[in-house]
Amino acid sequence: MIRSELVQRVADANPDLPAKDVERLVATIFEAISAQLAAGGRVELRGFGAFSTRARDARTGRNPRTGEPVDVSAKRVPYFKPGKEMRERLNV
């Protein structure tokens with residue numbers, strides 16, 4: 001599902017809300033999750049899962065075109081851990 005499909009489903013489930021408000025709502029939720037992760041925090045949605053970040057160490061990578069070694073700096077990457085209810089729904 002892509003973002004526009006999510007907006008459409010929320011709009012269909014809430015016909016009393018204008019489409020612009022639904023778009024703003026979805027954008028606000030995504031921005032809040034992104035801001036919290038950027039600040040080093042965690043976002044937990046009960047029954048769905050938890051978003052957090054994980055640290056990746058610096059390493060030596062490889063340029064796929066030339067095969068030359070390339071230094072890759074340390075970074076933080078997003079991580080999602082599904083909740084218990086989500087896992088149960090997926091593994092019925």
# chains A, B, ... in the order shown; residues from 1 in each chain; ligands from 1

$ residues_around --residues "stretch 10-12 of chain A" --least-positions-apart "5" --cutoff "10 Å" --atoms "only C-alpha atoms" --output "number ranges by chain"
A: 4-5, 17-23, 25-26

$ residues_around --residues "A:Arg54" --least-positions-apart "6" --cutoff "12 Å" --atoms "only C-alpha atoms" --output "MDAnalysis selection string"
chainID A and resid 37:38 40:42 74:81

$ write_last_selection --atoms "N, CA and C atoms" --output "short mmCIF file (atom, residue, chain, number, x, y, z; two decimals), in the first residue's frame"
data_model
loop_
_atom_site.label_atom_id
_atom_site.label_comp_id
_atom_site.auth_asym_id
_atom_site.auth_seq_id
_atom_site.Cartn_x
_atom_site.Cartn_y
_atom_site.Cartn_z
N LEU A 37 11.80 9.80 15.70
CA LEU A 37 12.94 8.94 15.38
C LEU A 37 14.21 9.76 15.17
N ALA A 38 14.07 10.93 14.54
CA ALA A 38 15.23 11.79 14.32
C ALA A 38 15.81 12.29 15.64
N GLY A 40 16.01 10.52 18.20
CA GLY A 40 16.55 9.36 18.90
C GLY A 40 15.52 8.63 19.73
N GLY A 41 14.25 8.97 19.55
CA GLY A 41 13.18 8.35 20.35
C GLY A 41 12.61 7.10 19.71
N ARG A 42 11.49 6.68 20.27
CA ARG A 42 10.81 5.46 19.85
C ARG A 42 9.33 5.77 19.75
N ALA A 74 29.45 5.62 9.98
CA ALA A 74 28.45 5.10 10.91
C ALA A 74 27.16 5.89 10.72
N LYS A 75 26.05 5.23 10.95
CA LYS A 75 24.76 5.91 10.77
C LYS A 75 23.69 5.21 11.58
N ARG A 76 22.54 5.86 11.68
CA ARG A 76 21.38 5.28 12.34
C ARG A 76 20.35 4.96 11.26
N VAL A 77 19.71 3.81 11.37
CA VAL A 77 18.72 3.39 10.39
C VAL A 77 17.41 3.09 11.10
N PRO A 78 16.27 3.31 10.42
CA PRO A 78 14.98 3.01 11.04
C PRO A 78 14.78 1.51 11.17
N TYR A 79 14.05 1.12 12.21
CA TYR A 79 13.78 -0.28 12.49
C TYR A 79 12.34 -0.41 12.94
N PHE A 80 11.64 -1.44 12.47
CA PHE A 80 10.26 -1.68 12.88
C PHE A 80 10.15 -3.06 13.49
N LYS A 81 9.54 -3.13 14.66
CA LYS A 81 9.30 -4.41 15.31
C LYS A 81 7.79 -4.57 15.43
#

$ select_by_dssp --residues "chain A" --states "alpha helix (DSSP H)" --output "number ranges by chain"
A: 3-13, 19-38, 84-90

$ select_by_dssp --residues "stretch 1-68 of chain A" --states "strand (DSSP E)" --output "PyMOL selection string"
chain A and resi 43-45+49-56+59-62

$ write_last_selection --atoms "C-alpha atoms" --output "PDB file, in the first residue's frame"
ATOM      1  CA  VAL A  43       7.202   5.342  18.628  1.00  0.00           C
ATOM      2  CA  GLU A  44       4.967   2.528  19.825  1.00  0.00           C
ATOM      3  CA  LEU A  45       1.525   1.886  18.347  1.00  0.00           C
ATOM      4  CA  GLY A  49       4.296  -2.338  16.428  1.00  0.00           C
ATOM      5  CA  ALA A  50       7.147  -0.086  17.415  1.00  0.00           C
ATOM      6  CA  PHE A  51       9.394   2.144  15.334  1.00  0.00           C
ATOM      7  CA  SER A  52      12.910   2.835  16.574  1.00  0.00           C
ATOM      8  CA  THR A  53      16.399   3.365  15.197  1.00  0.00           C
ATOM      9  CA  ARG A  54      19.449   1.151  15.275  1.00  0.00           C
ATOM     10  CA  ALA A  55      23.080   2.126  14.995  1.00  0.00           C
ATOM     11  CA  ARG A  56      25.211   0.816  12.146  1.00  0.00           C
ATOM     12  CA  ARG A  59      32.634  -0.115   7.615  1.00  0.00           C
ATOM     13  CA  THR A  60      34.467  -0.508   4.366  1.00  0.00           C
ATOM     14  CA  GLY A  61      32.051  -1.045   1.493  1.00  0.00           C
ATOM     15  CA  ARG A  62      32.593  -1.618  -2.192  1.00  0.00           C
TER      16      ARG A  62
END

$ closest_residue --among "A:Gly83, A:Pro64, A:Ala35, A:Phe30" --to "A:Phe48" --atoms "only C-alpha atoms"
A:Gly83
